[in-house]
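Written out below as structure tokens is the structure these notes cover.
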Amino acid sequence: MGRTEINIVLLGLGVVGGGVARALQEKAEAYAEQAGLPLVLRRVLVRDPSKPRPISLDDGLMTADPDEALDADADIIVELMGGETPALDYIERSLKSGRHVVTANKEVVSKHWLRLHSAARDAGVEMHYEASVGGGIPIISPLKRDLAANEIIGIRAIINGTTNYILTRMAAEGVDFGDALRQAQELGYAEADPANDIEGQDSVYKLSILASLAFRTFISPDDIYREGITQLHARDFKYAAELGYIIKLLAVAKREQGGVRARVHPALLAKDELLARVDGVLNAVQVEGDLVGKVLFQGPGAGSEATASAVMADVLEAAKAIRSGEPTTPQDRSSGLAAEPISKLVSRYYVRIEVMDRPGVLAVIARSLGDHGVSIASVIQKETDEEGQTAELVIMTHGAREDSMQSSIKQIGGLPEVSEIGSVIRVED
Ligand code: NAP
Ligand code: HSE
């Protein structure tokens with residue numbers, strides 16, 4: 001007898017899981033038409049089934065027993081619990097038992113990319129993860145399909161809503177990092193423990209996924225250079241603006257020096273760049289291909305309904321494949337490109353230094369930069385503290401190598417004439 005429905009098990013009924021369950025209830029007819037068969041929710045795994053929920057489900061659907069959920073009669077397992085364990089185990093177990101998996105879990109997908117893709121391939125099923133990067137923004141599918149005819153040259157992205165909200169507030173209102181973070185938490189954008197957001201780790205996981213797809217080679221989160229936004233000061237935003245720049249936490253991956261260099265760090269972006277105008281909790285991913293040129297994908301990077309939109313697109317795709325019995329997509333051959341270290345990056349830099357306000361200090365700093373092959377483009381003396389006899393210098397350099405720049409900064413930081421290296425921020429040209 002032919003199949004009469006597509007059975008779904010949901011692991012997690014929080015912000016995203018709740019949105020998915022609601023969409024499955026409210027759009028059941030439309031989804032049945034699209035998939036060619038009704039999508040039926042068979043089990044929902046949660047930690048605490050007695051917790052009050054904003055959605056009501058049929059009796060007996062909810063369980064706290066993972067075996068009951070994972071052994072249920074399911075065609076598609078939708079993992080929306082988050083965290084590495086036990087999600088990794090549940091995803092792998094589902095793939096190995098021949099079920100298609102849909103997940104929004106960037107940590108698990110990025111850290112266990114090879115292992116999970118290989119489990120899916122061996123079982124002849126697919127792992128879908130559109131919601132793992134950029135929430136509701138379609139970016140995984142375009143990289144796999146619509147941009148497939150291109151050699152990807154680079155990706156530049158703002159893929160963390162919490163940090164983009166904080167940086168937007170710091171730039172627009174001159175508030176300090178701590179105040180902006182508190183506001184982000186009050187508004188529910190930041191996690192209770194926002195460390196992964198503000199230290200750039202969340203962006204690293206997402207960039208690992210984007211870069212691995214774009215360059216057809218596994219770029220592990222461990223291969224990605226990371227700097228968060230906690231060291232930025234309100235006056236960096238003021239000085240950057242005076243120089244014609246906006247500061248953003250950028251995730252960048254480029255084909256460079258025979259490999260792929262991937263990095264997440266705050267960067268100065270010229271004000272007229274499209275990415276510089278992506279504000280608040282919005283996310284955006286700019287992809288440059290050799291045929292298409294630059295394309296920008298922008299939209300809500302988080303939230304219940306927006307993320308459910310991406311999850312449900314994956315569910316519908318999996319459902320159509322199950323119904324048609326189509327073979328799953330074979331994985332592309334690896335490009336063999338290797339990850340390049342940050343040390344050989346060539347970039348311009350913005351440097352803010354607090355120095356003793358006396359003759360000859362600038363010459364000492366210029367000598368150190370010059371000795372390391374770093375050429376100065378401009379120097380501006382900002383605030384002067386007459387009582388403390390200190391001054392603040394803002395130096396913009398020409399293109400220089402990262403390792404040379406860091407050696408020079410280390411030397412400058414140890415000079416008796418220098419009280420503090422305030423900030424060193426790369427300029428993204
Ligand atoms: P959440 O609100 O914290 O919900 C997590 C759900 O999973 C809860 O229902 C929880 O059960 C359940 N759960 C967690 N650990 C479990 C365990 N060990 N056993 C059984 N159930 C467990 O998380 P979320 O914000 O929806 O995020 C889910 C995933 O989507 C994460 O991977 C996240 O990175 C990703 N994501 C989220 C967003 C967003 O806007 N929130 C956007 C893009 C991607 P209880 O309800 O009983 O506690
Ligand atoms: N904490 C993430 C963010 C949620 O702020 O973008 C979406 O992955």
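By convention in this document, the chains of the structure tokens carry letters A, B, ... by their order, each chain's residues are numbered from 1, and ligands are numbered from 1 in the order they are shown.
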Review point. Per DSSP on the backbone, what are the helix (DSSP H, G or I) residues of range 53-83 of chain A, as an NGL selection string?
Key: :A and (66-70)
Generate a file of the selected residues that holds N, CA and C atoms, formatted as a PDB file, in the first residue's frame.
ATOM      1  N   PRO A  66      13.670  10.424  25.337  1.00  0.00           N
ATOM      2  CA  PRO A  66      14.249  10.499  23.992  1.00  0.00           C
ATOM      3  C   PRO A  66      13.998   9.245  23.158  1.00  0.00           C
ATOM      4  N   ASP A  67      14.000   8.070  23.797  1.00  0.00           N
ATOM      5  CA  ASP A  67      13.785   6.835  23.021  1.00  0.00           C
ATOM      6  C   ASP A  67      12.372   6.808  22.436  1.00  0.00           C
ATOM      7  N   GLU A  68      11.425   7.286  23.230  1.00  0.00           N
ATOM      8  CA  GLU A  68      10.040   7.310  22.742  1.00  0.00           C
ATOM      9  C   GLU A  68       9.930   8.202  21.507  1.00  0.00           C
ATOM     10  N   ALA A  69      10.666   9.318  21.531  1.00  0.00           N
ATOM     11  CA  ALA A  69      10.621  10.236  20.378  1.00  0.00           C
ATOM     12  C   ALA A  69      11.407   9.671  19.202  1.00  0.00           C
ATOM     13  N   LEU A  70      12.617   9.204  19.484  1.00  0.00           N
ATOM     14  CA  LEU A  70      13.500   8.785  18.379  1.00  0.00           C
ATOM     15  C   LEU A  70      13.071   7.458  17.761  1.00  0.00           C
TER      16      LEU A  70
END
Exercise for review: Residues up to 6 Å from ligand 1, counting only C-alpha atoms and all ligand atoms: could you list those as number ranges by chain?
Suggested key: A: 12-17, 45-49, 64, 80-82, 86, 104-105, 131-132, 135, 302-304, 307
How would the residues just chosen look if you wrote them out with all heavy atoms as a compact mmCIF listing (two decimals), in the first residue's frame?
# COMPACT_ATOMS: atom_id res chain seq x y z
N GLY A 12 12.37 19.38 20.68
CA GLY A 12 12.43 20.77 21.14
C GLY A 12 11.17 21.53 20.78
O GLY A 12 10.69 21.45 19.65
N LEU A 13 10.63 22.23 21.78
CA LEU A 13 9.41 23.03 21.57
C LEU A 13 9.61 24.40 22.23
O LEU A 13 8.78 24.87 22.98
CB LEU A 13 8.19 22.30 22.16
CG LEU A 13 6.82 22.84 21.80
CD1 LEU A 13 6.51 22.69 20.32
CD2 LEU A 13 5.72 22.14 22.63
N GLY A 14 10.76 25.01 21.95
CA GLY A 14 11.05 26.33 22.51
C GLY A 14 10.68 27.41 21.52
O GLY A 14 9.65 27.33 20.85
N VAL A 15 11.57 28.43 21.40
CA VAL A 15 11.29 29.56 20.50
C VAL A 15 11.04 29.06 19.08
O VAL A 15 10.02 29.36 18.47
CB VAL A 15 12.48 30.57 20.54
CG1 VAL A 15 12.26 31.68 19.52
CG2 VAL A 15 12.66 31.13 21.94
N VAL A 16 11.98 28.27 18.55
CA VAL A 16 11.87 27.84 17.15
C VAL A 16 10.91 26.64 17.03
O VAL A 16 10.03 26.63 16.15
CB VAL A 16 13.26 27.48 16.57
CG1 VAL A 16 13.12 27.13 15.09
CG2 VAL A 16 14.23 28.63 16.75
N GLY A 17 11.06 25.66 17.94
CA GLY A 17 10.18 24.48 17.89
C GLY A 17 8.72 24.90 18.00
O GLY A 17 7.85 24.36 17.30
N LEU A 45 9.65 16.01 21.64
CA LEU A 45 10.53 15.79 22.79
C LEU A 45 10.83 17.13 23.47
O LEU A 45 11.23 18.09 22.80
CB LEU A 45 11.85 15.15 22.34
CG LEU A 45 12.88 14.90 23.46
CD1 LEU A 45 12.42 13.79 24.40
CD2 LEU A 45 14.25 14.55 22.88
N VAL A 46 10.62 17.18 24.78
CA VAL A 46 10.98 18.36 25.57
C VAL A 46 11.66 17.89 26.85
O VAL A 46 11.69 16.70 27.14
CB VAL A 46 9.73 19.22 25.94
CG1 VAL A 46 9.15 19.92 24.73
CG2 VAL A 46 8.67 18.37 26.64
N ARG A 47 12.21 18.88 27.61
CA ARG A 47 12.81 18.50 28.88
C ARG A 47 11.72 18.31 29.92
O ARG A 47 11.74 17.40 30.72
CB ARG A 47 13.76 19.63 29.34
CG ARG A 47 15.21 19.28 29.25
CD ARG A 47 16.06 20.41 29.74
NE ARG A 47 15.68 21.69 29.18
CZ ARG A 47 16.53 22.56 28.65
NH1 ARG A 47 17.80 22.29 28.63
NH2 ARG A 47 16.11 23.71 28.18
N ASP A 48 10.72 19.23 29.88
CA ASP A 48 9.70 19.23 30.92
C ASP A 48 8.30 19.35 30.30
O ASP A 48 7.82 20.45 30.01
CB ASP A 48 9.98 20.45 31.85
CG ASP A 48 8.93 20.60 32.92
OD1 ASP A 48 8.07 19.70 33.04
OD2 ASP A 48 8.95 21.63 33.62
N PRO A 49 7.62 18.21 30.12
CA PRO A 49 6.30 18.24 29.47
C PRO A 49 5.24 19.01 30.28
O PRO A 49 4.21 19.40 29.71
CB PRO A 49 5.92 16.75 29.36
CG PRO A 49 7.18 15.99 29.55
CD PRO A 49 8.07 16.84 30.41
N ALA A 64 9.22 13.35 27.49
CA ALA A 64 10.58 13.72 27.91
C ALA A 64 11.52 12.53 27.72
O ALA A 64 12.68 12.57 28.12
CB ALA A 64 10.56 14.15 29.38
N LEU A 80 15.44 20.79 17.21
CA LEU A 80 15.43 22.21 17.57
C LEU A 80 15.65 22.37 19.08
O LEU A 80 14.99 23.18 19.73
CB LEU A 80 14.10 22.85 17.13
CG LEU A 80 13.83 22.78 15.62
CD1 LEU A 80 12.42 23.18 15.28
CD2 LEU A 80 14.83 23.65 14.86
N MET A 81 16.59 21.58 19.60
CA MET A 81 16.90 21.65 21.04
C MET A 81 18.05 22.61 21.30
O MET A 81 18.11 23.28 22.31
CB MET A 81 17.31 20.27 21.56
CG MET A 81 16.28 19.19 21.30
SD MET A 81 16.73 17.63 22.10
CE MET A 81 18.44 17.57 21.83
N GLY A 82 19.03 22.62 20.36
CA GLY A 82 20.23 23.43 20.55
C GLY A 82 21.25 22.70 21.40
O GLY A 82 20.97 21.65 21.98
N PRO A 86 22.64 16.54 24.13
CA PRO A 86 22.64 15.29 23.37
C PRO A 86 22.23 15.45 21.91
O PRO A 86 22.01 14.44 21.23
CB PRO A 86 21.61 14.45 24.12
CG PRO A 86 20.60 15.45 24.60
CD PRO A 86 21.36 16.70 24.90
N ALA A 104 18.42 23.24 13.15
CA ALA A 104 18.84 24.65 13.14
C ALA A 104 20.11 24.81 13.97
O ALA A 104 20.50 25.91 14.32
CB ALA A 104 17.72 25.51 13.74
N ASN A 105 20.76 23.66 14.27
CA ASN A 105 21.82 23.64 15.27
C ASN A 105 23.20 23.90 14.64
O ASN A 105 23.88 22.99 14.19
CB ASN A 105 21.80 22.27 15.95
CG ASN A 105 22.60 22.25 17.22
OD1 ASN A 105 23.66 22.86 17.30
ND2 ASN A 105 22.11 21.53 18.21
N ALA A 131 18.10 26.75 8.58
CA ALA A 131 17.89 27.68 9.70
C ALA A 131 19.13 27.84 10.57
O ALA A 131 19.13 28.67 11.49
CB ALA A 131 16.72 27.19 10.56
N SER A 132 20.19 27.08 10.27
CA SER A 132 21.36 27.17 11.16
C SER A 132 22.14 28.46 10.95
O SER A 132 22.90 28.88 11.82
CB SER A 132 22.28 25.96 10.94
OG SER A 132 22.81 25.98 9.63
N GLY A 135 18.95 32.62 10.46
CA GLY A 135 17.52 32.47 10.81
C GLY A 135 16.65 32.27 9.58
O GLY A 135 16.74 31.25 8.89
N ALA A 302 16.92 35.82 13.36
CA ALA A 302 16.44 35.04 14.49
C ALA A 302 14.95 35.31 14.67
O ALA A 302 14.36 36.12 13.94
CB ALA A 302 17.20 35.42 15.76
N GLY A 303 14.36 34.61 15.67
CA GLY A 303 12.94 34.80 15.95
C GLY A 303 12.15 33.56 15.60
O GLY A 303 12.55 32.79 14.73
N SER A 304 11.04 33.40 16.30
CA SER A 304 10.26 32.17 16.20
C SER A 304 9.74 31.93 14.78
O SER A 304 10.01 30.90 14.16
CB SER A 304 9.08 32.27 17.18
OG SER A 304 8.33 31.11 17.15
N THR A 307 12.55 31.96 11.84
CA THR A 307 13.37 30.74 11.81
C THR A 307 12.52 29.54 11.43
O THR A 307 12.98 28.65 10.69
CB THR A 307 14.07 30.55 13.17
OG1 THR A 307 14.69 31.79 13.54
CG2 THR A 307 15.15 29.48 13.08
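Restricting the atom set to only C-alpha atoms and all ligand atoms, one finds that the residues within 8 Å of ligand 2 amount to Lys106, Ser132, Val133, Gly134, Gly135, Ile159, Asn160, Gly161, Thr162, Thr163, Tyr189, Ala190, Glu191, Pro194, Asn196, Asp197, Asp202, Ser203, Val281, Asn283, Gly301, Ala302 and Gly303 of chain A.
Proximity ranking of A:Ala251, A:Ala123, A:Ala267, A:Val355 relative to Gly414 in chain A places A:Val355 first, based on only C-alpha atoms.
Going from CA of Asp59 in chain A over to CA of Ala32 in chain A, you cover 22.2 Å.
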Practice item. Determine the nearest neighbour of Ala149 in chain A from the options A:Pro359, A:Ala171, A:Val292, A:Ala253, counting only C-alpha atoms. Key: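 The answer is A:Val292, which sits nearest to Ala149 in chain A.
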Practice item. Extract, using only C-alpha atoms, all DNA, RNA and protein residues at most 12 Å from Ala241 in chain A, discarding same-chain residues fewer than 3 positions from it, and format them as a ChimeraX atom specification. Key: /A:170-172,174,234-238,244-247,268-272,276
Practice item. Find the residues near Val204 in chain A: any atom within 10 Å, counting only C-alpha atoms, skip ones fewer than 5 places away on the same chain, and give them as a ChimeraX atom specification. Key: /A:106-107,110,159-160,196-197,199,209-210,220-227,251-252,262-265
Exercise for review: Name the residues of range 257-332 of chain A that fall into strand (DSSP E or B) according to DSSP on the backbone, using the chain letters and numbers of this document, as a ChimeraX atom specification.
Suggested key: /A:259-270,282-289,293-300
Practice item. Between CA of Lys248 in chain A and CA of Lys344 in chain A, measure the distance and give it in Å to one decimal. Key: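 Interatomic distance, CA of Lys248 in chain A to CA of Lys344 in chain A: 22.0 Å.
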Point to revise | Shell around Ile198 in chain A at 7 Å using only C-alpha atoms, local window under 5 positions removed, as a list of chain:residue names | key: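 Here the qualifying residues turn out to be A:Thr163, A:Gly228, A:Ile229, A:Thr230.
Going from CA of Gly83 in chain A over to CA of Ser56 in chain A, you cover 25.1 Å.
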Review point. If you count only C-alpha atoms, which residues fall within 10 Å of Ala211 in chain A, apart from same-chain ones fewer than 6 positions away, as a ChimeraX atom specification?
Key: /A:143,152,154-155,217-220,252-255,260-262
Write the selection just made, keeping N, CA and C atoms, as an mmCIF file, in the first residue's frame?
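Dumped to out_33.cif:
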data_model
loop_
_atom_site.group_PDB
_atom_site.id
_atom_site.type_symbol
_atom_site.label_atom_id
_atom_site.label_comp_id
_atom_site.auth_asym_id
_atom_site.auth_seq_id
_atom_site.Cartn_x
_atom_site.Cartn_y
_atom_site.Cartn_z
ATOM 1 N N LEU A 143 23.380 28.763 -1.788
ATOM 2 C CA LEU A 143 24.783 28.347 -1.956
ATOM 3 C C LEU A 143 24.866 26.967 -2.601
ATOM 4 N N ILE A 152 33.077 30.593 -6.027
ATOM 5 C CA ILE A 152 32.846 31.635 -5.018
ATOM 6 C C ILE A 152 34.187 32.282 -4.661
ATOM 7 N N GLY A 154 34.316 35.092 -2.410
ATOM 8 C CA GLY A 154 34.322 35.431 -0.989
ATOM 9 C C GLY A 154 32.930 35.618 -0.421
ATOM 10 N N ILE A 155 32.890 35.586 0.900
ATOM 11 C CA ILE A 155 31.648 35.816 1.658
ATOM 12 C C ILE A 155 31.972 36.848 2.727
ATOM 13 N N THR A 217 34.824 22.579 0.779
ATOM 14 C CA THR A 217 35.881 21.967 1.587
ATOM 15 C C THR A 217 35.507 22.234 3.039
ATOM 16 N N PHE A 218 35.854 21.343 3.957
ATOM 17 C CA PHE A 218 35.440 21.574 5.335
ATOM 18 C C PHE A 218 36.329 22.618 6.000
ATOM 19 N N ILE A 219 35.733 23.725 6.376
ATOM 20 C CA ILE A 219 36.443 24.747 7.155
ATOM 21 C C ILE A 219 35.919 24.626 8.588
ATOM 22 N N SER A 220 36.730 24.019 9.436
ATOM 23 C CA SER A 220 36.301 23.752 10.812
ATOM 24 C C SER A 220 36.207 25.064 11.607
ATOM 25 N N VAL A 252 34.051 36.797 7.648
ATOM 26 C CA VAL A 252 34.593 36.896 6.287
ATOM 27 C C VAL A 252 35.296 35.592 5.927
ATOM 28 N N ALA A 253 35.020 35.084 4.736
ATOM 29 C CA ALA A 253 35.770 33.923 4.234
ATOM 30 C C ALA A 253 36.098 34.210 2.777
ATOM 31 N N LYS A 254 37.386 34.136 2.451
ATOM 32 C CA LYS A 254 37.791 34.460 1.077
ATOM 33 C C LYS A 254 38.774 33.443 0.557
ATOM 34 N N ARG A 255 38.703 33.233 -0.751
ATOM 35 C CA ARG A 255 39.700 32.414 -1.439
ATOM 36 C C ARG A 255 40.953 33.281 -1.533
ATOM 37 N N VAL A 260 41.585 29.026 1.755
ATOM 38 C CA VAL A 260 40.440 29.813 2.226
ATOM 39 C C VAL A 260 40.811 30.413 3.577
ATOM 40 N N ARG A 261 40.737 31.745 3.662
ATOM 41 C CA ARG A 261 41.000 32.376 4.958
ATOM 42 C C ARG A 261 39.653 32.804 5.532
ATOM 43 N N ALA A 262 39.363 32.331 6.745
ATOM 44 C CA ALA A 262 38.067 32.648 7.371
ATOM 45 C C ALA A 262 38.324 33.310 8.718
#
Check your understanding: Which residues, written as a PyMOL selection string, have at least one atom at most 8 Å from Leu181 in chain A, with only C-alpha atoms counted and residues fewer than 4 positions away on the same chain left out?
Key -> chain A and resi 166+177+185+190
**Study point:** Residue nearest Glu305 in chain A among A:Arg115, A:Gly136, A:Thr63, A:Arg99 (counting only C-alpha atoms)
**Key:**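 Smallest distance to Glu305 in chain A is found for A:Gly136.
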Point to revise | Of the listed residues A:Leu207, A:Leu282, A:Ile55, A:Val351, that which approaches Lys111 in chain A most closely, counting only C-alpha atoms | key: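 Among A:Leu207, A:Leu282, A:Ile55, A:Val351, it is A:Leu207 that comes nearest to Lys111 in chain A.
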Practice item. Would you please work out which residue, of A:Ser419, A:Ser324, A:Asn150, A:Ser343, is nearest to Asp403 in chain A when using only C-alpha atoms? Key: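 Among the listed residues, the smallest separation from Asp403 in chain A belongs to A:Ser343.
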